[in-house]
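Visitor: Coordinates in model37.cif, mmCIF, C-alpha atoms, are listed below.
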```cif
data_model
loop_
_atom_site.label_atom_id
_atom_site.label_comp_id
_atom_site.auth_asym_id
_atom_site.auth_seq_id
_atom_site.Cartn_x
_atom_site.Cartn_y
_atom_site.Cartn_z
CA MET A 27 -15.01 -31.89 6.34
CA SER A 28 -18.00 -29.56 5.95
CA VAL A 29 -18.31 -25.91 6.90
CA HIS A 30 -19.76 -24.83 10.24
CA PRO A 31 -21.94 -21.81 11.14
CA SER A 32 -19.04 -19.36 10.90
CA LEU A 33 -17.84 -16.25 9.13
CA TYR A 34 -15.09 -17.29 6.73
CA LEU A 35 -12.74 -14.53 5.53
CA VAL A 36 -11.63 -15.90 2.18
CA GLY A 37 -8.62 -14.59 0.26
CA THR A 38 -9.23 -14.41 -3.48
CA PRO A 39 -6.85 -13.92 -6.45
CA ILE A 40 -5.43 -10.44 -7.02
CA GLY A 41 -5.11 -11.10 -10.74
CA ASN A 42 -4.30 -14.63 -11.83
CA LEU A 43 -7.36 -16.82 -11.17
CA GLU A 44 -5.10 -19.79 -10.37
CA ASP A 45 -3.91 -18.05 -7.19
CA ILE A 46 -6.56 -19.56 -4.94
CA SER A 47 -6.23 -22.48 -2.54
CA LEU A 48 -8.11 -25.76 -2.64
CA ARG A 49 -9.46 -24.98 0.82
CA ALA A 50 -10.80 -21.59 -0.35
CA LEU A 51 -12.59 -23.24 -3.28
CA ARG A 52 -14.15 -25.83 -0.98
CA ILE A 53 -15.37 -23.19 1.46
CA LEU A 54 -16.89 -21.11 -1.34
CA LYS A 55 -18.73 -24.19 -2.63
CA GLU A 56 -20.09 -25.25 0.75
CA VAL A 57 -21.18 -22.03 2.49
CA ASP A 58 -24.78 -20.85 2.47
CA TRP A 59 -23.86 -17.33 1.37
CA ILE A 60 -20.93 -15.52 -0.21
CA ALA A 61 -20.83 -11.85 0.75
CA CYS A 62 -19.10 -9.97 -2.07
CA GLU A 63 -17.67 -6.49 -2.44
CA ASP A 64 -18.95 -6.59 -6.04
CA THR A 65 -21.13 -9.55 -7.00
CA ARG A 66 -20.33 -9.07 -10.69
CA GLN A 67 -16.58 -9.25 -10.05
CA THR A 68 -16.88 -12.30 -7.81
CA ALA A 69 -19.13 -13.99 -10.37
CA LYS A 70 -16.13 -14.21 -12.74
CA LEU A 71 -14.24 -16.26 -10.16
CA LEU A 72 -17.23 -18.40 -9.20
CA ASN A 73 -18.15 -19.14 -12.82
CA HIS A 74 -14.54 -20.05 -13.60
CA TYR A 75 -14.62 -22.75 -10.92
CA GLY A 76 -18.26 -23.79 -11.33
CA ILE A 77 -19.37 -22.54 -7.92
CA SER A 78 -23.10 -21.86 -7.52
CA SER A 79 -23.38 -20.65 -3.91
CA LYS A 80 -25.75 -17.74 -3.30
CA THR A 81 -24.15 -14.29 -3.29
CA ILE A 82 -25.06 -11.06 -1.52
CA SER A 83 -23.44 -7.64 -1.78
CA TYR A 84 -21.33 -6.30 1.07
CA HIS A 85 -19.35 -3.13 0.35
CA GLU A 86 -18.31 0.17 1.93
CA HIS A 87 -21.62 1.83 1.10
CA ASN A 88 -23.91 -0.76 2.70
CA GLU A 89 -21.73 -2.48 5.31
CA LEU A 90 -23.35 -0.77 8.30
CA THR A 91 -26.81 -2.11 7.49
CA ARG A 92 -25.77 -5.31 5.71
CA SER A 93 -23.52 -6.38 8.61
CA ALA A 94 -26.54 -6.68 10.91
CA GLU A 95 -28.38 -8.74 8.30
CA LEU A 96 -25.44 -11.10 7.86
CA ILE A 97 -25.07 -11.55 11.61
CA MET A 98 -28.75 -12.62 11.72
CA HIS A 99 -28.02 -15.33 9.12
CA LEU A 100 -25.03 -16.50 11.14
CA GLU A 101 -27.01 -16.63 14.40
CA GLN A 102 -29.62 -18.75 12.59
CA GLY A 103 -26.92 -21.36 11.97
CA GLN A 104 -25.95 -20.43 8.42
CA SER A 105 -22.39 -20.08 7.11
CA ILE A 106 -21.02 -17.07 5.24
CA ALA A 107 -17.84 -16.52 3.24
CA LEU A 108 -16.74 -12.91 2.92
CA VAL A 109 -14.71 -12.01 -0.16
CA THR A 110 -13.53 -8.77 -1.73
CA ASP A 111 -12.78 -8.07 -5.37
CA ALA A 112 -9.18 -9.15 -4.82
CA GLY A 113 -6.95 -10.21 -1.93
CA MET A 114 -7.76 -10.60 1.74
CA PRO A 115 -10.95 -9.06 3.17
CA GLY A 116 -10.28 -6.19 5.55
CA VAL A 117 -6.92 -5.18 4.03
CA SER A 118 -7.73 -1.75 2.54
CA ASP A 119 -11.12 -3.29 1.71
CA PRO A 120 -14.43 -3.88 3.55
CA GLY A 121 -14.45 -6.63 6.17
CA PHE A 122 -13.23 -5.23 9.46
CA ARG A 123 -16.67 -4.14 10.72
CA LEU A 124 -18.34 -7.46 9.95
CA ALA A 125 -15.52 -9.46 11.53
CA ALA A 126 -15.56 -7.28 14.66
CA LEU A 127 -19.35 -7.57 14.92
CA ALA A 128 -19.24 -11.35 14.52
CA ILE A 129 -16.66 -11.59 17.30
CA ARG A 130 -18.86 -9.50 19.61
CA HIS A 131 -21.72 -11.90 18.90
CA LYS A 132 -19.52 -14.91 19.75
CA ILE A 133 -19.62 -16.16 16.16
CA PRO A 134 -16.50 -18.01 14.96
CA VAL A 135 -14.39 -15.98 12.50
CA VAL A 136 -12.17 -18.21 10.36
CA PRO A 137 -9.42 -16.83 8.09
CA ILE A 138 -8.83 -18.68 4.81
CA PRO A 139 -5.40 -17.43 3.62
CA GLY A 140 -4.97 -16.20 0.10
CA ALA A 141 -3.20 -13.78 -2.20
CA SER A 142 -2.11 -10.37 -0.93
CA ALA A 143 -0.86 -7.59 -3.22
CA PHE A 144 1.40 -5.89 -0.69
CA LEU A 145 3.03 -9.13 0.53
CA SER A 146 3.61 -10.35 -3.02
CA ALA A 147 5.14 -6.98 -3.92
CA LEU A 148 7.31 -6.97 -0.80
CA VAL A 149 8.93 -10.37 -1.28
CA ALA A 150 9.79 -9.58 -4.91
CA SER A 151 10.90 -5.98 -4.29
CA GLY A 152 14.47 -6.66 -3.26
CA LEU A 153 13.99 -4.47 -0.17
CA PRO A 154 14.48 -5.88 3.36
CA THR A 155 11.59 -8.09 4.47
CA ASP A 156 12.62 -8.72 8.07
CA SER A 157 10.74 -5.64 9.29
CA PHE A 158 8.12 -3.67 7.38
CA VAL A 159 5.05 -1.46 7.86
CA PHE A 160 1.95 -1.55 5.64
CA HIS A 161 0.03 1.74 5.58
CA GLY A 162 -2.73 1.16 3.01
CA PHE A 163 -3.44 4.12 0.74
CA LEU A 164 -1.58 7.39 1.20
CA PRO A 165 -3.71 10.50 1.90
CA VAL A 166 -5.05 12.23 -1.19
CA LYS A 167 -4.28 15.76 0.04
CA LEU A 168 -0.71 16.88 -0.57
CA GLY A 169 -0.11 18.31 2.91
CA GLN A 170 -1.33 15.19 4.69
CA ARG A 171 0.61 12.94 2.32
CA ARG A 172 3.84 14.80 3.00
CA LYS A 173 3.28 14.57 6.74
CA VAL A 174 3.06 10.79 6.43
CA LEU A 175 6.26 10.71 4.37
CA GLU A 176 8.04 12.96 6.87
CA SER A 177 6.99 10.62 9.68
CA ILE A 178 8.72 7.64 8.02
CA ALA A 179 11.90 9.46 6.94
CA ALA A 180 14.17 7.87 9.54
CA LEU A 181 12.27 4.67 10.29
CA PRO A 182 14.31 1.45 9.98
CA GLN A 183 11.56 -0.59 8.28
CA THR A 184 10.53 -1.02 4.67
CA GLN A 185 7.41 1.09 4.15
CA ILE A 186 4.56 -0.15 1.95
CA PHE A 187 1.66 1.82 0.46
CA TYR A 188 -1.08 1.35 -2.10
CA GLU A 189 -1.50 4.17 -4.61
CA ALA A 190 -3.88 5.04 -7.42
CA PRO A 191 -2.23 5.26 -10.87
CA HIS A 192 -3.39 8.84 -11.47
CA ARG A 193 -1.73 9.96 -8.22
CA LEU A 194 1.54 8.06 -8.61
CA LEU A 195 3.57 10.89 -10.18
CA GLY A 196 2.53 13.36 -7.48
CA THR A 197 3.39 10.87 -4.77
CA LEU A 198 6.80 10.08 -6.28
CA GLU A 199 7.52 13.81 -6.49
CA ASP A 200 6.70 14.08 -2.78
CA VAL A 201 8.96 11.11 -2.00
CA VAL A 202 11.85 12.85 -3.79
CA GLU A 203 11.09 16.15 -2.06
CA VAL A 204 10.64 14.76 1.45
CA LEU A 205 12.85 11.66 1.53
CA GLY A 206 15.52 12.64 -0.98
CA THR A 207 16.54 11.60 -4.48
CA ALA A 208 18.65 8.64 -3.31
CA ARG A 209 16.02 6.79 -1.24
CA ARG A 210 15.42 3.32 -2.59
CA VAL A 211 11.96 2.95 -4.09
CA VAL A 212 10.09 0.11 -5.77
CA VAL A 213 6.86 0.44 -7.73
CA ALA A 214 5.09 -2.89 -8.20
CA ARG A 215 2.41 -2.66 -10.86
CA GLU A 216 -0.22 -5.22 -11.87
CA VAL A 217 1.24 -7.93 -9.60
CA THR A 218 0.30 -11.48 -10.79
CA LYS A 219 -1.36 -10.09 -13.92
CA ILE A 220 -0.25 -10.27 -17.56
CA TYR A 221 1.54 -6.92 -17.49
CA GLU A 222 3.20 -7.38 -14.09
CA GLU A 223 6.08 -4.96 -13.63
CA PHE A 224 8.60 -4.00 -10.95
CA VAL A 225 10.52 -0.73 -11.20
CA ARG A 226 13.38 -0.80 -8.70
CA ALA A 227 15.74 2.19 -8.37
CA THR A 228 16.32 5.44 -6.50
CA ALA A 229 13.37 7.76 -5.95
CA ALA A 230 14.66 10.15 -8.62
CA GLU A 231 15.17 7.37 -11.17
CA VAL A 232 11.74 5.83 -10.56
CA LEU A 233 10.11 9.26 -10.89
CA ALA A 234 11.93 9.88 -14.18
CA ASP A 235 10.83 6.47 -15.48
CA PHE A 236 7.14 7.11 -14.87
CA LYS A 237 7.33 10.74 -16.04
CA ALA A 238 8.50 9.46 -19.42
CA ARG A 239 5.39 7.32 -19.87
CA GLU A 240 2.35 8.45 -21.78
CA GLU A 241 -0.02 6.76 -19.34
CA ILE A 242 0.14 4.95 -16.00
CA ARG A 243 -2.38 2.21 -15.45
CA GLY A 244 -3.09 -0.71 -13.15
CA GLU A 245 -3.00 -1.64 -9.48
CA ILE A 246 0.05 -0.13 -7.80
CA THR A 247 2.01 -0.94 -4.66
CA LEU A 248 4.67 1.57 -3.65
CA LEU A 249 7.55 0.39 -1.44
CA VAL A 250 10.04 2.76 0.18
CA GLY A 251 13.39 1.57 1.51
CA ARG A 252 14.12 2.01 5.19
CA GLY A 253 15.89 5.13 6.38
CA GLU A 254 18.98 3.35 7.58
CA GLU A 255 19.75 2.10 4.06
CA GLN A 256 21.29 5.47 3.24
CA HIS A 257 22.25 6.31 6.80
CA GLY A 258 25.92 6.91 6.11
CA THR A 259 25.40 9.19 3.13
CA SER A 260 22.42 11.02 4.58
CA VAL A 261 24.01 11.90 7.91
CA VAL A 262 27.17 13.25 6.29
CA ALA A 263 25.09 15.27 3.86
CA GLN A 264 23.00 16.76 6.65
CA ARG A 265 26.08 17.77 8.63
CA ASN A 266 27.42 19.68 5.65
CA ALA A 267 24.18 21.00 4.18
CA ARG A 268 24.13 24.17 6.27
CA THR A 269 27.72 25.05 5.36
CA ARG A 270 27.18 24.29 1.68
CA VAL A 271 24.06 26.49 1.48
CA ARG A 272 25.99 29.44 2.84
CA GLU A 273 28.91 28.78 0.50
CA LEU A 274 26.63 28.85 -2.54
CA MET A 275 24.78 31.97 -1.40
CA LYS A 276 28.07 33.82 -0.98
CA ALA A 277 29.93 32.51 -4.02
CA GLU A 278 27.12 32.72 -6.56
CA GLU A 279 25.03 35.47 -4.97
CA ILE A 280 21.83 33.43 -5.02
CA ASP A 281 19.03 33.45 -2.48
CA GLU A 282 18.60 30.85 0.23
CA LYS A 283 15.74 29.05 -1.52
CA GLU A 284 17.77 28.45 -4.68
CA ALA A 285 20.82 27.42 -2.64
CA MET A 286 18.72 24.90 -0.69
CA LYS A 287 17.41 23.44 -3.93
CA ARG A 288 20.93 22.98 -5.31
CA VAL A 289 22.29 21.47 -2.12
CA ALA A 290 19.44 18.98 -1.94
CA LYS A 291 20.19 17.88 -5.51
CA GLU A 292 23.95 17.71 -4.90
CA MET A 293 23.68 15.62 -1.76
CA GLY A 294 20.76 13.41 -2.72
CA ILE A 295 18.62 14.55 0.19
CA SER A 296 15.33 16.40 0.33
CA LYS A 297 14.89 20.17 0.59
CA SER A 298 13.03 19.48 3.82
CA GLU A 299 16.19 17.94 5.29
CA VAL A 300 18.30 20.90 4.17
CA TYR A 301 15.78 23.29 5.71
CA ARG A 302 15.82 21.39 9.00
CA GLU A 303 19.61 21.63 9.14
CA LEU A 304 19.43 25.39 8.56
CA GLN A 305 16.90 25.67 11.37
CA LYS A 306 19.14 23.72 13.75
CA GLY A 307 22.03 26.07 13.15
CA GLY A 308 19.96 29.23 13.05
CA LYS A 309 19.81 31.48 10.01
CA LYS A 310 22.68 33.93 9.81
#
```
Can you present the structure in this file as structure tokens?
Guide:
Amino acid sequence: MSVHPSLYLVGTPIGNLEDISLRALRILKEVDWIACEDTRQTAKLLNHYGISSKTISYHEHNELTRSAELIMHLEQGQSIALVTDAGMPGVSDPGFRLAALAIRHKIPVVPIPGASAFLSALVASGLPTDSFVFHGFLPVKLGQRRKVLESIAALPQTQIFYEAPHRLLGTLEDVVEVLGTARRVVVAREVTKIYEEFVRATAAEVLADFKAREEIRGEITLLVGRGEEQHGTSVVAQRNARTRVRELMKAEEIDEKEAMKRVAKEMGISKSEVYRELQKGGKK
């Protein structure tokens, strides 16, 4: 079976070069062009399997102009495989625009399944897999990141994010602050690679683990347990947070801010949750 004039979206390994299907290898050998996020990175895979198909760059900085060029090749009857540096094209990587443009031009778009970092992390996380939401990368700015975390606080699905290693500590601190110390969290690092690691614990414990490290490196997937996992504890804590804050302020003569901080730590919830409970009851 030979390839047809189509756009093939080919999943490539996310670490271990053996994680590629026989079908993907055949497609890469038979197409006229392989459009690569980074031709140098893809060359490692192609050389490993003795594939000599022509390559052309296609990345976030040239996709607007290069997409039109690739569509011309496809309309002339040529076949193109689109790959990214790792994983499935279009998942937090370039690919969506070219696929959408090919569909508008009535060109067949054929997915060739392959490795996916977030799915691999999810199934090995120990968190529920029956319902989940993948968000891609969290916002870089603190305020926007916290808004995203606040929006998922009570959602009944496992939440999945990608994160850069140099931002992981800040993000984990936000998770503790917004979602509480007891929320279940999993950090999957370097999935399928030599130093693959899963850190599975409460948000506070995972934060402490990574704070104790000299350096954090590698590709990271962050998974956050669904809100209902701690439903019983969280609801009881929220009902009593307002009363406990006032008790501490009176008994120890501390200000509201310090009392909120202590209550959040005591009850394993975030200061944001304590504040919301105070707002509901009105400050007295």
Visitor: Residues at most 7 Å from A:Ile46, counting only C-alpha atoms, excluding those fewer than 6 positions away in the same chain, as a list in words?
Guide: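 Final neighbour list, sorted by chain and number: Thr38, Pro39 and Gly140 of chain A.
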Visitor: Give me the residues within 7 Å of A:Val57 as a ChimeraX atom specification, counting all atoms listed in the file and dropping any in the same chain fewer than 3 places off.
Guide: /A:29,53-54,79,105-107
Visitor: Report as a PyMOL selection string all protein, DNA and RNA residues lying within 7 Å of A:Val217, evaluated on only C-alpha atoms, omitting residues in the same chain fewer than 3 positions from it.
Guide: chain A and resi 143+147+214+222-223
Visitor: I want to know what sits within 7 Å of stretch 203-206 of chain A, based on all atoms listed in the file, with residues of the same chain fewer than 5 positions away left out; could you give that as a short mmCIF file (atom, residue, chain, number, x, y, z; two decimals) with C-alpha atoms, in the coordinates of the input?
Guide:
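The resulting file, out16.cif, is shown below:
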```
data_model
loop_
_atom_site.label_atom_id
_atom_site.label_comp_id
_atom_site.auth_asym_id
_atom_site.auth_seq_id
_atom_site.Cartn_x
_atom_site.Cartn_y
_atom_site.Cartn_z
CA ARG A 172 3.84 14.80 3.00
CA LEU A 175 6.26 10.71 4.37
CA GLU A 176 8.04 12.96 6.87
CA ALA A 179 11.90 9.46 6.94
CA GLY A 294 20.76 13.41 -2.72
CA ILE A 295 18.62 14.55 0.19
CA SER A 296 15.33 16.40 0.33
CA LYS A 297 14.89 20.17 0.59
CA SER A 298 13.03 19.48 3.82
#
```
Visitor: Measure the distance from atom CA of A:Pro182 to atom CA of A:Gly253 in Å and round it to one decimal.
Guide: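 For atom CA of A:Pro182 relative to atom CA of A:Gly253, the distance reads 5.4 Å.
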Visitor: Atom CA of A:Glu245 to atom CA of A:Leu148: how many Å, to one decimal?
Guide: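 Rounded to one decimal, the two atoms are 14.5 Å apart.
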Visitor: Which is closer to A:Glu86 than all the others in A:Leu153, A:Leu195, A:Val225, A:Cys62, using only C-alpha atoms?
Guide: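 Among A:Leu153, A:Leu195, A:Val225, A:Cys62, it is A:Cys62 that comes nearest to A:Glu86.
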Visitor: Please rebuild stretch 161-176 of chain A with N, CA and C atoms and give the result as a CSV table (one decimal), in the coordinates of the input.
Guide:
```csv
chain,number,residue,atom,x,y,z
A,161,HIS,N,0.8,0.6,5.2
A,161,HIS,CA,0.0,1.7,5.6
A,161,HIS,C,-1.3,1.8,4.8
A,162,GLY,N,-1.5,1.0,3.8
A,162,GLY,CA,-2.7,1.2,3.0
A,162,GLY,C,-2.5,2.3,2.0
A,163,PHE,N,-3.6,3.0,1.7
A,163,PHE,CA,-3.4,4.1,0.7
A,163,PHE,C,-2.9,5.4,1.4
A,164,LEU,N,-2.1,6.1,0.7
A,164,LEU,CA,-1.6,7.4,1.2
A,164,LEU,C,-2.7,8.4,1.1
A,165,PRO,N,-2.7,9.5,2.0
A,165,PRO,CA,-3.7,10.5,1.9
A,165,PRO,C,-3.7,11.2,0.5
A,166,VAL,N,-4.9,11.6,0.1
A,166,VAL,CA,-5.0,12.2,-1.2
A,166,VAL,C,-4.5,13.7,-1.2
A,167,LYS,N,-4.7,14.4,-0.1
A,167,LYS,CA,-4.3,15.8,0.0
A,167,LYS,C,-2.8,15.8,0.2
A,168,LEU,N,-2.2,16.8,-0.5
A,168,LEU,CA,-0.7,16.9,-0.6
A,168,LEU,C,-0.1,17.1,0.8
A,169,GLY,N,-0.7,18.0,1.6
A,169,GLY,CA,-0.1,18.3,2.9
A,169,GLY,C,-0.1,17.1,3.8
A,170,GLN,N,-1.2,16.4,3.8
A,170,GLN,CA,-1.3,15.2,4.7
A,170,GLN,C,-0.4,14.1,4.2
A,171,ARG,N,-0.3,14.0,2.9
A,171,ARG,CA,0.6,12.9,2.3
A,171,ARG,C,2.1,13.2,2.7
A,172,ARG,N,2.5,14.5,2.6
A,172,ARG,CA,3.8,14.8,3.0
A,172,ARG,C,4.1,14.6,4.5
A,173,LYS,N,3.1,14.8,5.3
A,173,LYS,CA,3.3,14.6,6.7
A,173,LYS,C,3.5,13.1,7.0
A,174,VAL,N,2.8,12.2,6.3
A,174,VAL,CA,3.1,10.8,6.4
A,174,VAL,C,4.5,10.4,6.0
A,175,LEU,N,4.9,11.0,4.9
A,175,LEU,CA,6.3,10.7,4.4
A,175,LEU,C,7.3,11.2,5.3
A,176,GLU,N,7.1,12.4,5.9
A,176,GLU,CA,8.0,13.0,6.9
A,176,GLU,C,8.1,12.1,8.1
```
